[in-house]
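Engineer: Provided below: entry_22.txt, containing compact mmCIF, C-alpha atoms and all ligand atoms.
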```txt
# COMPACT_ATOMS: atom_id res chain seq x y z
CA MET A 1 -60.91 -60.87 5.67
CA LYS A 2 -62.61 -58.57 3.17
CA THR A 3 -65.15 -60.43 1.07
CA MET A 4 -66.48 -59.55 -2.35
CA LYS A 5 -69.79 -58.69 -0.68
CA ASP A 6 -67.94 -56.09 1.44
CA ASN A 7 -66.50 -54.65 -1.74
CA ILE A 8 -69.92 -54.42 -3.35
CA ASP A 9 -71.37 -52.63 -0.36
CA SER A 10 -68.43 -50.26 -0.37
CA THR A 11 -69.59 -48.96 -3.76
CA LYS A 12 -72.42 -47.22 -1.92
CA LEU A 13 -69.92 -45.00 -0.12
CA PRO A 14 -69.71 -41.34 -1.22
CA ARG A 15 -68.48 -40.87 -4.76
CA ARG A 16 -64.89 -39.83 -5.07
CA GLY A 17 -62.10 -39.45 -7.50
CA PHE A 18 -64.31 -38.85 -10.53
CA LEU A 19 -63.55 -35.23 -11.37
CA GLY A 20 -59.82 -35.63 -11.07
CA LEU A 21 -59.91 -38.78 -13.14
CA THR A 22 -62.08 -37.46 -15.93
CA ALA A 23 -60.39 -34.09 -16.14
CA GLY A 24 -57.08 -35.84 -16.57
CA LEU A 25 -58.47 -38.19 -19.17
CA ALA A 26 -60.14 -35.34 -21.03
CA ALA A 27 -56.83 -33.55 -21.25
CA MET A 28 -55.23 -36.68 -22.64
CA ALA A 29 -58.09 -37.16 -25.06
CA ALA A 30 -56.83 -34.14 -26.98
CA THR A 31 -53.90 -36.31 -28.05
CA PRO A 32 -55.28 -39.75 -28.82
CA ARG A 33 -51.94 -41.46 -29.28
CA LEU A 34 -50.80 -40.22 -25.89
CA LEU A 35 -54.03 -41.49 -24.37
CA ALA A 36 -53.51 -44.99 -25.74
CA GLU A 37 -49.89 -45.09 -24.60
CA THR A 38 -50.67 -43.72 -21.18
CA GLU A 39 -53.47 -46.25 -20.67
CA GLU A 40 -51.16 -49.11 -21.44
CA LYS A 41 -48.64 -47.87 -18.92
CA SER A 42 -50.93 -46.66 -16.18
CA GLY A 43 -53.44 -49.50 -16.27
CA THR A 44 -53.21 -50.35 -12.60
CA PRO A 45 -56.43 -52.22 -11.85
CA GLY A 46 -58.34 -50.55 -9.05
CA ALA A 47 -56.02 -47.53 -8.85
CA ALA A 48 -58.59 -44.86 -9.68
CA LYS A 49 -62.21 -45.38 -8.71
CA SER A 50 -65.11 -44.15 -10.78
CA PRO A 51 -68.42 -43.71 -8.98
CA ALA A 52 -70.72 -46.71 -8.91
CA PRO A 53 -73.35 -46.61 -11.66
CA GLY A 54 -76.97 -46.00 -10.69
CA ARG A 55 -79.79 -48.50 -11.16
CA ARG A 56 -82.27 -48.88 -14.00
CA ARG A 57 -85.07 -51.33 -14.78
CA LEU A 58 -85.51 -53.85 -17.58
CA GLY A 59 -88.98 -55.25 -17.00
CA SER A 60 -88.96 -56.51 -13.40
CA LEU A 61 -85.15 -56.65 -13.27
CA GLU A 62 -83.12 -53.98 -11.51
CA VAL A 63 -79.70 -53.61 -13.14
CA SER A 64 -76.74 -51.24 -12.97
CA SER A 65 -77.25 -48.39 -15.44
CA ILE A 66 -74.15 -49.60 -17.30
CA GLY A 67 -73.57 -53.33 -17.75
CA LEU A 68 -70.57 -55.31 -18.94
CA GLY A 69 -70.48 -56.99 -22.35
CA CYS A 70 -68.26 -60.07 -22.02
CA MET A 71 -68.16 -61.18 -25.67
CA GLY A 72 -64.75 -59.75 -26.56
CA MET A 73 -63.07 -61.54 -23.67
CA THR A 74 -63.05 -64.90 -25.39
CA ASN A 75 -64.33 -64.88 -28.94
CA GLY A 76 -61.39 -63.17 -30.63
CA VAL A 77 -63.36 -60.52 -32.51
CA TYR A 78 -61.43 -57.56 -31.07
CA ASN A 79 -58.40 -59.20 -29.52
CA PRO A 80 -57.03 -62.72 -29.09
CA PRO A 81 -59.06 -64.72 -26.57
CA ARG A 82 -57.98 -63.93 -23.02
CA SER A 83 -57.44 -66.52 -20.29
CA HIS A 84 -59.76 -67.08 -17.34
CA GLU A 85 -56.91 -65.95 -15.08
CA GLU A 86 -56.86 -62.58 -16.86
CA MET A 87 -60.63 -62.08 -17.25
CA ILE A 88 -62.09 -63.32 -13.96
CA PRO A 89 -60.53 -60.34 -12.13
CA VAL A 90 -62.09 -58.00 -14.71
CA ILE A 91 -65.56 -59.51 -14.25
CA ARG A 92 -65.30 -59.57 -10.45
CA GLY A 93 -63.68 -56.14 -10.53
CA ALA A 94 -66.78 -54.90 -12.35
CA VAL A 95 -68.96 -56.22 -9.52
CA ASP A 96 -66.71 -54.51 -6.99
CA ARG A 97 -67.32 -51.27 -8.87
CA GLY A 98 -71.10 -51.58 -8.82
CA VAL A 99 -71.86 -53.41 -12.09
CA THR A 100 -74.66 -55.95 -11.68
CA PHE A 101 -75.56 -56.68 -15.32
CA PHE A 102 -73.50 -59.12 -17.42
CA ASP A 103 -74.01 -60.04 -21.05
CA THR A 104 -72.95 -63.25 -22.81
CA ALA A 105 -74.36 -65.66 -25.44
CA GLU A 106 -74.28 -69.30 -26.47
CA ILE A 107 -72.47 -68.47 -29.73
CA TYR A 108 -69.67 -66.42 -28.13
CA GLY A 109 -66.88 -68.92 -28.65
CA PRO A 110 -69.23 -70.76 -29.07
CA PHE A 111 -69.66 -71.75 -25.42
CA THR A 112 -66.31 -70.41 -24.15
CA ASN A 113 -67.76 -67.09 -23.03
CA GLU A 114 -70.41 -68.71 -20.86
CA ASP A 115 -67.67 -71.08 -19.61
CA LEU A 116 -65.83 -67.97 -18.38
CA VAL A 117 -68.75 -65.91 -17.07
CA GLY A 118 -70.29 -68.76 -15.04
CA PRO A 119 -67.33 -69.48 -12.75
CA ALA A 120 -66.44 -65.78 -12.57
CA LEU A 121 -69.82 -64.86 -11.12
CA ARG A 122 -70.62 -68.04 -9.21
CA PRO A 123 -69.48 -66.78 -5.79
CA ILE A 124 -71.77 -63.76 -6.11
CA ARG A 125 -74.47 -65.25 -8.30
CA ASP A 126 -77.32 -63.91 -6.18
CA GLN A 127 -76.09 -60.33 -6.53
CA VAL A 128 -75.98 -60.10 -10.33
CA VAL A 129 -78.29 -60.21 -13.33
CA LEU A 130 -77.12 -62.69 -15.95
CA ALA A 131 -78.22 -62.26 -19.54
CA THR A 132 -77.50 -64.74 -22.30
CA LYS A 133 -78.75 -65.28 -25.85
CA ILE A 134 -79.81 -68.27 -27.91
CA GLY A 135 -81.41 -68.92 -31.29
CA PHE A 136 -78.79 -70.30 -33.67
CA GLN A 137 -78.38 -73.79 -35.08
CA LEU A 138 -75.20 -75.20 -33.54
CA GLU A 139 -73.41 -78.01 -35.33
CA GLY A 140 -70.81 -79.25 -32.90
CA ASN A 141 -68.63 -76.26 -32.23
CA THR A 142 -69.68 -74.31 -35.29
CA TRP A 143 -72.52 -71.97 -36.12
CA ASN A 144 -73.47 -69.86 -39.07
CA TYR A 145 -75.08 -66.41 -38.93
CA ASN A 146 -77.69 -67.46 -41.49
CA LYS A 147 -78.69 -70.69 -39.73
CA ARG A 148 -81.25 -69.73 -37.13
CA ASN A 149 -83.28 -72.13 -35.00
CA SER A 150 -86.01 -70.83 -32.72
CA ARG A 151 -87.98 -74.05 -32.48
CA PRO A 152 -89.00 -74.82 -28.88
CA GLU A 153 -86.75 -77.88 -28.67
CA ASN A 154 -83.71 -75.85 -29.76
CA ILE A 155 -84.47 -73.01 -27.34
CA ARG A 156 -84.74 -75.55 -24.53
CA ARG A 157 -81.58 -77.40 -25.63
CA ALA A 158 -79.62 -74.16 -25.81
CA LEU A 159 -80.87 -72.91 -22.46
CA GLU A 160 -79.95 -76.17 -20.70
CA GLY A 161 -76.41 -75.87 -22.11
CA SER A 162 -76.17 -72.22 -21.09
CA LEU A 163 -77.34 -72.98 -17.54
CA ARG A 164 -74.78 -75.77 -17.25
CA ARG A 165 -71.92 -73.55 -18.44
CA LEU A 166 -73.11 -70.61 -16.36
CA GLN A 167 -73.29 -72.91 -13.32
CA THR A 168 -76.76 -71.78 -12.36
CA ASP A 169 -80.34 -73.08 -12.41
CA HIS A 170 -81.81 -69.97 -14.02
CA VAL A 171 -80.85 -66.78 -15.86
CA GLU A 172 -82.55 -63.49 -15.22
CA LEU A 173 -82.73 -62.56 -18.91
CA LEU A 174 -82.78 -64.81 -21.97
CA TYR A 175 -82.74 -63.12 -25.38
CA LEU A 176 -83.58 -64.49 -28.76
CA HIS A 177 -80.26 -63.58 -30.42
CA ARG A 178 -81.72 -63.28 -33.93
CA ALA A 179 -85.14 -63.99 -35.38
CA ASP A 180 -85.69 -67.28 -37.21
CA PRO A 181 -87.84 -66.58 -40.29
CA SER A 182 -89.24 -70.12 -40.19
CA VAL A 183 -90.72 -69.85 -36.67
CA PRO A 184 -93.46 -67.31 -35.86
CA ILE A 185 -92.34 -64.95 -33.10
CA GLU A 186 -95.56 -65.77 -31.22
CA ASP A 187 -94.30 -69.36 -30.84
CA VAL A 188 -90.94 -68.11 -29.56
CA ALA A 189 -92.61 -65.80 -27.04
CA GLY A 190 -94.83 -68.72 -26.02
CA THR A 191 -91.76 -70.87 -25.30
CA PHE A 192 -90.17 -68.07 -23.28
CA LYS A 193 -93.44 -67.68 -21.35
CA GLU A 194 -93.30 -71.38 -20.44
CA LEU A 195 -89.66 -71.07 -19.34
CA ILE A 196 -90.60 -68.13 -17.09
CA ALA A 197 -93.40 -70.21 -15.54
CA GLU A 198 -90.90 -73.04 -14.98
CA GLY A 199 -88.50 -70.66 -13.18
CA LYS A 200 -85.68 -71.21 -15.67
CA ILE A 201 -85.66 -67.58 -16.78
CA ARG A 202 -87.07 -64.47 -15.09
CA GLU A 203 -87.60 -62.32 -18.20
CA TYR A 204 -87.01 -62.55 -21.91
CA GLY A 205 -85.70 -60.22 -24.57
CA LEU A 206 -85.13 -59.94 -28.32
CA SER A 207 -82.17 -58.73 -30.37
CA GLU A 208 -82.11 -56.84 -33.67
CA VAL A 209 -85.74 -57.45 -34.54
CA SER A 210 -88.16 -55.04 -36.20
CA PRO A 211 -90.69 -52.93 -34.28
CA ALA A 212 -93.49 -55.12 -35.70
CA THR A 213 -91.85 -58.26 -34.32
CA VAL A 214 -91.44 -56.61 -30.91
CA ARG A 215 -95.16 -55.81 -30.87
CA ARG A 216 -96.18 -59.33 -31.82
CA ALA A 217 -93.98 -60.92 -29.15
CA HIS A 218 -95.09 -58.42 -26.52
CA ALA A 219 -98.72 -59.32 -27.18
CA VAL A 220 -98.00 -62.92 -26.12
CA HIS A 221 -95.91 -62.04 -23.06
CA PRO A 222 -94.26 -58.72 -22.09
CA VAL A 223 -90.78 -58.26 -23.54
CA ALA A 224 -88.33 -56.97 -20.87
CA ALA A 225 -85.58 -55.73 -23.17
CA LEU A 226 -84.57 -55.28 -26.76
CA GLN A 227 -80.84 -55.46 -27.48
CA SER A 228 -79.66 -53.76 -30.67
CA GLU A 229 -76.66 -51.81 -31.90
CA TYR A 230 -76.89 -48.14 -30.89
CA SER A 231 -74.30 -45.44 -30.43
CA VAL A 232 -73.69 -41.79 -31.29
CA LEU A 233 -72.44 -43.08 -34.64
CA GLU A 234 -74.90 -45.94 -35.40
CA ARG A 235 -78.31 -44.48 -34.65
CA VAL A 236 -80.57 -46.72 -36.70
CA PRO A 237 -82.79 -47.74 -33.71
CA GLU A 238 -84.06 -44.15 -33.77
CA ALA A 239 -85.93 -45.03 -36.97
CA GLY A 240 -88.65 -46.93 -35.08
CA THR A 241 -87.20 -49.40 -32.60
CA LEU A 242 -86.71 -47.00 -29.71
CA GLN A 243 -90.17 -45.57 -30.21
CA VAL A 244 -91.88 -48.95 -29.89
CA CYS A 245 -89.86 -49.71 -26.75
CA GLN A 246 -90.88 -46.38 -25.21
CA GLU A 247 -94.53 -46.95 -26.10
CA LEU A 248 -94.64 -50.47 -24.64
CA GLY A 249 -92.37 -49.82 -21.63
CA ILE A 250 -89.64 -52.15 -22.89
CA GLY A 251 -86.01 -51.65 -21.81
CA PHE A 252 -83.39 -51.00 -24.50
CA VAL A 253 -79.87 -52.41 -24.25
CA PRO A 254 -77.46 -50.81 -26.75
CA TYR A 255 -74.67 -53.11 -27.85
CA CYS A 256 -71.50 -51.72 -29.44
CA PRO A 257 -72.20 -48.50 -27.50
CA THR A 258 -68.63 -47.25 -28.06
CA ALA A 259 -69.10 -47.94 -31.79
CA ARG A 260 -66.59 -50.80 -31.53
CA ALA A 261 -64.05 -48.49 -29.84
CA TYR A 262 -64.37 -45.82 -32.57
CA LEU A 263 -65.47 -43.34 -29.90
CA ALA A 264 -62.30 -44.04 -27.95
CA ASP A 265 -60.61 -41.85 -30.56
CA ILE A 266 -57.76 -44.27 -31.12
CA TYR A 267 -58.16 -44.90 -34.85
CA ASN A 268 -57.35 -42.87 -37.92
CA GLU A 269 -57.09 -43.31 -41.70
CA TYR A 270 -54.03 -45.50 -41.25
CA SER A 271 -55.81 -47.97 -38.97
CA ARG A 272 -56.26 -51.47 -40.41
CA PHE A 273 -58.09 -54.39 -38.82
CA ALA A 274 -57.07 -58.04 -39.10
CA PRO A 275 -59.50 -60.32 -41.00
CA GLU A 276 -60.66 -61.98 -37.78
CA ASP A 277 -61.40 -58.57 -36.21
CA ARG A 278 -65.10 -57.83 -36.70
CA ARG A 279 -64.23 -54.24 -37.60
CA SER A 280 -62.60 -55.46 -40.82
CA SER A 281 -66.17 -55.97 -42.09
CA THR A 282 -67.77 -52.99 -40.32
CA GLY A 283 -68.88 -50.23 -42.68
CA PHE A 284 -67.88 -47.37 -40.39
CA CYS A 285 -64.39 -48.82 -39.80
CA THR A 286 -63.09 -48.62 -43.38
CA PRO A 287 -60.22 -46.14 -43.86
CA GLU A 288 -62.57 -43.85 -45.82
CA ALA A 289 -65.32 -43.93 -43.19
CA LEU A 290 -62.86 -43.37 -40.35
CA VAL A 291 -61.95 -40.11 -42.06
CA ALA A 292 -65.46 -39.17 -43.21
CA ASN A 293 -66.92 -39.58 -39.72
CA ARG A 294 -64.21 -37.52 -38.08
CA PRO A 295 -66.57 -34.53 -37.52
CA ILE A 296 -68.78 -36.72 -35.31
CA LEU A 297 -65.78 -37.68 -33.21
CA GLN A 298 -64.79 -34.02 -33.08
CA LEU A 299 -68.27 -33.13 -31.80
CA VAL A 300 -68.01 -35.79 -29.10
CA ARG A 301 -64.57 -34.52 -28.14
CA GLU A 302 -65.89 -30.95 -27.85
CA TRP A 303 -68.60 -32.16 -25.48
CA GLY A 304 -65.89 -34.00 -23.60
CA VAL A 305 -64.04 -30.74 -23.05
CA ARG A 306 -67.26 -29.04 -21.92
CA LYS A 307 -68.04 -31.82 -19.44
CA SER A 308 -64.51 -32.80 -18.38
CA ALA A 309 -65.01 -36.24 -19.82
CA THR A 310 -63.43 -38.55 -22.38
CA PRO A 311 -65.10 -39.16 -25.78
CA VAL A 312 -66.14 -42.68 -24.73
CA GLN A 313 -67.73 -41.30 -21.58
CA ILE A 314 -69.65 -38.72 -23.61
CA GLY A 315 -70.82 -41.45 -26.00
CA LEU A 316 -72.12 -43.59 -23.15
CA ALA A 317 -73.60 -40.66 -21.21
CA TRP A 318 -75.41 -39.50 -24.34
CA LEU A 319 -77.02 -42.95 -24.67
CA LEU A 320 -78.05 -42.95 -20.99
CA ALA A 321 -79.62 -39.51 -21.47
CA GLN A 322 -81.84 -40.63 -24.35
CA ASP A 323 -84.24 -42.59 -22.12
CA PRO A 324 -84.28 -43.88 -18.52
CA ARG A 325 -84.84 -47.43 -19.79
CA ILE A 326 -81.58 -47.50 -21.75
CA VAL A 327 -78.79 -49.69 -20.30
CA PRO A 328 -75.62 -49.78 -22.44
CA ILE A 329 -73.28 -52.77 -22.16
CA PRO A 330 -69.81 -51.65 -23.31
CA GLY A 331 -67.41 -54.54 -23.73
CA THR A 332 -63.91 -54.41 -22.37
CA THR A 333 -61.04 -56.65 -21.29
CA LYS A 334 -59.42 -53.96 -19.15
CA LEU A 335 -60.31 -52.67 -15.72
CA HIS A 336 -59.07 -49.16 -16.48
CA HIS A 337 -61.39 -48.99 -19.51
CA LEU A 338 -64.23 -50.33 -17.37
CA GLU A 339 -63.62 -47.56 -14.83
CA GLU A 340 -63.56 -44.97 -17.59
CA ASN A 341 -66.82 -46.34 -18.98
CA LEU A 342 -68.52 -46.31 -15.57
CA GLY A 343 -67.53 -42.66 -15.23
CA ALA A 344 -70.21 -41.95 -17.86
CA ALA A 345 -72.92 -42.62 -15.27
CA ALA A 346 -72.08 -39.36 -13.49
CA ILE A 347 -72.34 -37.17 -16.63
CA THR A 348 -75.70 -35.52 -17.20
CA PHE A 349 -77.19 -33.43 -19.99
CA THR A 350 -79.91 -30.81 -19.64
CA ALA A 351 -82.77 -30.88 -22.16
CA GLU A 352 -81.22 -27.84 -23.84
CA GLU A 353 -77.84 -29.55 -24.10
CA LEU A 354 -79.43 -32.66 -25.59
CA ALA A 355 -81.23 -30.53 -28.16
CA GLU A 356 -77.99 -28.72 -29.01
CA PHE A 357 -76.10 -32.02 -29.33
CA ARG A 358 -78.85 -33.46 -31.51
CA ALA A 359 -78.95 -30.45 -33.81
CA ALA A 360 -75.20 -30.66 -34.32
CA LEU A 361 -75.38 -34.42 -34.97
CA LYS A 362 -78.17 -33.99 -37.52
CA ALA A 363 -76.00 -31.63 -39.53
CA LEU A 364 -73.22 -34.22 -39.88
CA PRO A 365 -73.42 -36.97 -42.50
CA VAL A 366 -72.43 -40.47 -41.34
CA GLN A 367 -70.69 -43.01 -43.53
CA GLY A 368 -70.90 -46.79 -43.21
CA VAL A 369 -73.96 -47.11 -40.97
CA ARG A 370 -77.26 -48.88 -41.61
CA ALA A 371 -80.01 -47.21 -43.60
CA PRO A 372 -83.14 -46.20 -41.59
CA GLU A 373 -85.40 -48.60 -43.53
CA THR A 374 -83.34 -51.61 -42.42
CA VAL A 375 -84.85 -51.25 -38.97
CA GLN A 376 -88.17 -52.48 -40.33
CA VAL A 377 -86.88 -55.99 -41.02
CA ASP A 378 -85.62 -58.68 -38.65
CA ARG A 379 -81.87 -58.95 -39.17
N1 LIG A 401 -76.97 -58.77 -29.58
C1 LIG A 401 -75.98 -58.80 -30.43
O1 LIG A 401 -76.12 -59.24 -31.57
C2 LIG A 401 -74.62 -58.31 -30.01
C3 LIG A 401 -73.63 -58.01 -30.98
C4 LIG A 401 -72.38 -57.55 -30.54
C5 LIG A 401 -72.14 -57.38 -29.19
N2 LIG A 401 -73.10 -57.71 -28.26
C6 LIG A 401 -72.86 -57.54 -26.81
O2 LIG A 401 -72.59 -56.17 -26.56
C7 LIG A 401 -71.34 -56.02 -25.88
C8 LIG A 401 -70.68 -54.71 -26.30
O3 LIG A 401 -70.47 -54.66 -27.70
P1 LIG A 401 -69.02 -54.75 -28.32
O4 LIG A 401 -68.07 -55.28 -27.30
O5 LIG A 401 -69.13 -55.46 -29.61
O6 LIG A 401 -68.69 -53.24 -28.70
P2 LIG A 401 -68.19 -51.99 -27.85
O7 LIG A 401 -68.49 -52.16 -26.41
O8 LIG A 401 -68.70 -50.77 -28.53
O9 LIG A 401 -66.61 -52.03 -28.12
C9 LIG A 401 -65.73 -52.97 -27.59
C10 LIG A 401 -64.34 -52.51 -27.95
O10 LIG A 401 -64.13 -51.23 -27.37
C11 LIG A 401 -62.95 -51.22 -26.58
N3 LIG A 401 -63.21 -50.35 -25.44
C12 LIG A 401 -64.20 -50.43 -24.52
N4 LIG A 401 -64.12 -49.40 -23.64
C13 LIG A 401 -63.05 -48.67 -24.02
C14 LIG A 401 -62.44 -47.49 -23.51
N5 LIG A 401 -62.92 -46.87 -22.44
N6 LIG A 401 -61.35 -47.00 -24.15
C15 LIG A 401 -60.84 -47.62 -25.26
N7 LIG A 401 -61.38 -48.75 -25.80
C16 LIG A 401 -62.47 -49.25 -25.16
C17 LIG A 401 -62.70 -52.66 -26.20
O11 LIG A 401 -61.32 -52.92 -26.08
P3 LIG A 401 -60.62 -53.21 -24.66
O12 LIG A 401 -60.86 -54.64 -24.35
O13 LIG A 401 -59.19 -52.89 -24.96
O14 LIG A 401 -61.22 -52.26 -23.67
C18 LIG A 401 -63.25 -53.42 -27.42
O15 LIG A 401 -62.27 -53.53 -28.42
C19 LIG A 401 -70.56 -57.28 -26.26
O16 LIG A 401 -69.54 -57.58 -25.34
C20 LIG A 401 -71.66 -58.33 -26.29
O17 LIG A 401 -71.91 -58.81 -24.98
C21 LIG A 401 -74.33 -58.14 -28.67
```
Any chance you could give the structure as structure tokens?
Structural biologist:
Amino acid sequence: MKTMKDNIDSTKLPRRGFLGLTAGLAAMAATPRLLAETEEKSGTPGAAKSPAPGRRRLGSLEVSSIGLGCMGMTNGVYNPPRSHEEMIPVIRGAVDRGVTFFDTAEIYGPFTNEDLVGPALRPIRDQVVLATKIGFQLEGNTWNYNKRNSRPENIRRALEGSLRRLQTDHVELLYLHRADPSVPIEDVAGTFKELIAEGKIREYGLSEVSPATVRRAHAVHPVAALQSEYSVLERVPEAGTLQVCQELGIGFVPYCPTARAYLADIYNEYSRFAPEDRRSSTGFCTPEALVANRPILQLVREWGVRKSATPVQIGLAWLLAQDPRIVPIPGTTKLHHLEENLGAAAITFTAEELAEFRAALKALPVQGVRAPETVQVDR
């Protein structure tokens, strides 16, 4: 009988199917509505294989160059929560296709996302890198974005809960989800350092903190990864965060790397998002911004034609090309989207192409994104 381990090893076989797949998708990308309809109809899991992603490093951890963000599977911010029966095949299907890096958090649900990811990965736990995030004050099953808690006892409480739900005795990467203004970051890094010594985590990371906070934490114990929003559209980390990561050798994990599906080219000025959809409160997803930012999407589409790739693939490949320590974690609930996203790993840019892309981007105003100075404060 073929085991999941056999499937993982099979991803090392020669790459195949990529050009045909991407050329076809690129052609469809010219007509976004057709693309969306065709995906719905042709979404046969496992039908078309993208090449396995390569490997990159976050501190001492080796991870697939593209990870899988699991948040949207259960927390209802993009779609209604999906069942374990629907999502476990997506998570295990990602492993079959070479993904080894999985992202979740205590507050996704809360708890329900870790409840899904743990059992999904348990049979192959030793072959994957699990990342979760803590740092909020939970009151029963509720949490509030403004109520942070990075005190050592809360970090330890949260980690114990995460380990229980993830059905494991350690995680490879534990992030502080958001900074707590009442606890010095040195104390947080000190707690993470203790947890590493105890074998409960292998590495630690931070999310959406300022370059100064990264430096202070790194001085206590090396930070393996910083996770912040970064895409072709939302480029605020370029105002200082990426530079500090490059200087200190810290990995960078872009979340929302498809700009919350904007780069999938499936929205227009008539698109509206339900109140529970996080895009209903996203600056670049208002009807006005969807129109105003159209030239950026057009640029991405043009590069897609040049490289026989879809706009999402260009968006992800562009991130990968910015620095070898960048590991995007697109979120999806669909295997055919996952395969499309993994196709980005085979797209390369020369230095001249990157410069050309950058020059074109610089000439285009962006609406609804964060101002450069916001990068200097912990969010
Ligand atoms: N540190 C933080 O504060 C933070 C914040 C937000 C997210 N995250 C993490 O980062 C991960 C990724 O961010 P995200 O999920 O918010 O944003 P994202 O990956 O940019 O976008 C997710 C959305 O894009 C769609 N999508 C993905 N691939 C697609 C494709 N090839 N074609 C069409 N649509 C596609 C998904 O829908 P389908 O399901 O239909 O594919 C989903 O609606 C999350 O899962 C989470 O683990 C971290």
Engineer: Could you list the protein, DNA and RNA residues that have any atom within 7 Å of ligand LIG 401 (chain A), counting all atoms listed in the file, and write them as a ChimeraX atom specification?
Structural biologist: /A:68-72,78-79,103-104,177,207-208,227-229,255-261,264,312,329-334,337-338,340-341
Engineer: Select, counting all atoms listed in the file, all protein, DNA and RNA residues no farther than 10 Å from (-58.0, -46.9, -43.0) in file coordinates, and express the selection as a list of chain:residue names.
Structural biologist: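 Residues lying no farther than 10 Å from the given point: A:Tyr267, A:Asn268, A:Glu269, A:Tyr270, A:Ser271, A:Arg272, A:Phe273, A:Ser280, A:Cys285, A:Thr286, A:Pro287, A:Glu288, A:Ala289, A:Leu290, A:Val291.
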Engineer: Report as JSON, numbers by chain all protein, DNA and RNA residues lying within 12 Å of A:Gln322, evaluated on all atoms listed in the file, omitting residues in the same chain fewer than 6 positions from it.
Structural biologist: {"A": [230, 231, 232, 235, 237, 238, 242, 243, 246, 252, 253, 254, 315, 316, 328, 348, 349, 350, 351, 353, 354, 355, 357, 358]}
Engineer: Please report the interatomic distance between atom CA of A:Gly98 and atom CA of A:Pro51 in Å with one decimal.
Structural biologist: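 Going from atom CA of A:Gly98 over to atom CA of A:Pro51 covers 8.3 Å.
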Engineer: Near A:Val375, counting only C-alpha atoms, which residues have an atom at most 8 Å away, once you skip same-chain residues fewer than 2 positions from it, shown as an NGL selection string?
Structural biologist: :A and (209-211 or 236-237 or 239-241 or 371-373 or 377-378)
Engineer: I need the residues from that last selection saved to file as a short mmCIF file (atom, residue, chain, number, x, y, z; two decimals), keeping the file's coordinate frame (with C-alpha atoms), if you can.
Structural biologist:
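Saved to again-v7.cif:
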```cif
data_model
loop_
_atom_site.label_atom_id
_atom_site.label_comp_id
_atom_site.auth_asym_id
_atom_site.auth_seq_id
_atom_site.Cartn_x
_atom_site.Cartn_y
_atom_site.Cartn_z
CA VAL A 209 -85.74 -57.45 -34.54
CA SER A 210 -88.16 -55.04 -36.20
CA PRO A 211 -90.69 -52.93 -34.28
CA VAL A 236 -80.57 -46.72 -36.70
CA PRO A 237 -82.79 -47.74 -33.71
CA ALA A 239 -85.93 -45.03 -36.97
CA GLY A 240 -88.65 -46.93 -35.08
CA THR A 241 -87.20 -49.40 -32.60
CA ALA A 371 -80.01 -47.21 -43.60
CA PRO A 372 -83.14 -46.20 -41.59
CA GLU A 373 -85.40 -48.60 -43.53
CA VAL A 377 -86.88 -55.99 -41.02
CA ASP A 378 -85.62 -58.68 -38.65
#
```
Engineer: Compile the contact shell of A:Ala345 as a ChimeraX atom specification: residues with an atom at most 8 Å away, counting only C-alpha atoms, same-chain residues fewer than 2 positions apart removed.
Structural biologist: /A:51-54,65-66,316-317,320,342-343,347-348
Engineer: Suppose you want the space between atom CA of A:Ile266 and atom CA of A:Met73; what is it in Å?
Structural biologist: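 Computed distance, atom CA of A:Ile266 to atom CA of A:Met73, equals 19.5 Å.
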Engineer: What does the distance between atom CA of A:Arg294 and atom CA of A:Gln376 come to in Å, to one decimal place?
Structural biologist: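 For atom CA of A:Arg294 relative to atom CA of A:Gln376, the distance reads 28.3 Å.
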Engineer: From the list A:Arg122, A:Arg215, A:Arg278, A:His170, which residue is nearest A:Glu203 when using all atoms listed in the file?
Structural biologist: A:His170
Engineer: Using only C-alpha atoms, which of A:Arg125, A:Leu159, A:Pro184, A:Thr310 sits nearest A:Leu297?
Structural biologist: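 Distance minimum relative to A:Leu297 lands on A:Thr310.
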Engineer: For A:Val220, which residue out of A:Gly59, A:Gly118, A:Pro110, A:Gly190 is the nearest one, using all atoms listed in the file?
Structural biologist: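 For A:Val220, the nearest of the candidates is A:Gly190.
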Engineer: If we count all atoms listed in the file and set the cut-off at 10 Å, which residues sit around A:Gly249, ignoring sequence neighbours fewer than 2 positions away in its own chain? Please answer as a VMD selection string.
Structural biologist: chain A and resid 58 to 59 222 to 225 243 to 247 251 to 252 325
Engineer: Provide an axis-aligned box for all listed atoms of stretch 230-249 of chain A, padding each side by 4 Å; report its centre and its edge lengths in Å to one decimal, as JSON.
Structural biologist:
```
{"center_x": -83.5, "center_y": -46.1, "center_z": -29.3, "size_x": 30.2, "size_y": 16.7, "size_z": 23.3}
```
Engineer: When you count all atoms listed in the file, which of these residues is closest to A:Leu121: A:Tyr108, A:Trp318, A:Tyr175, A:Phe102?
Structural biologist: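 The answer is A:Phe102, which sits nearest to A:Leu121.
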Engineer: Hey, what's within 6 Å of stretch 129-143 of chain A if we count all atoms listed in the file and toss same-chain stuff fewer than 5 positions away? As a VMD selection string, please?
Structural biologist: chain A and resid 100 to 106 148 to 150 171 to 177
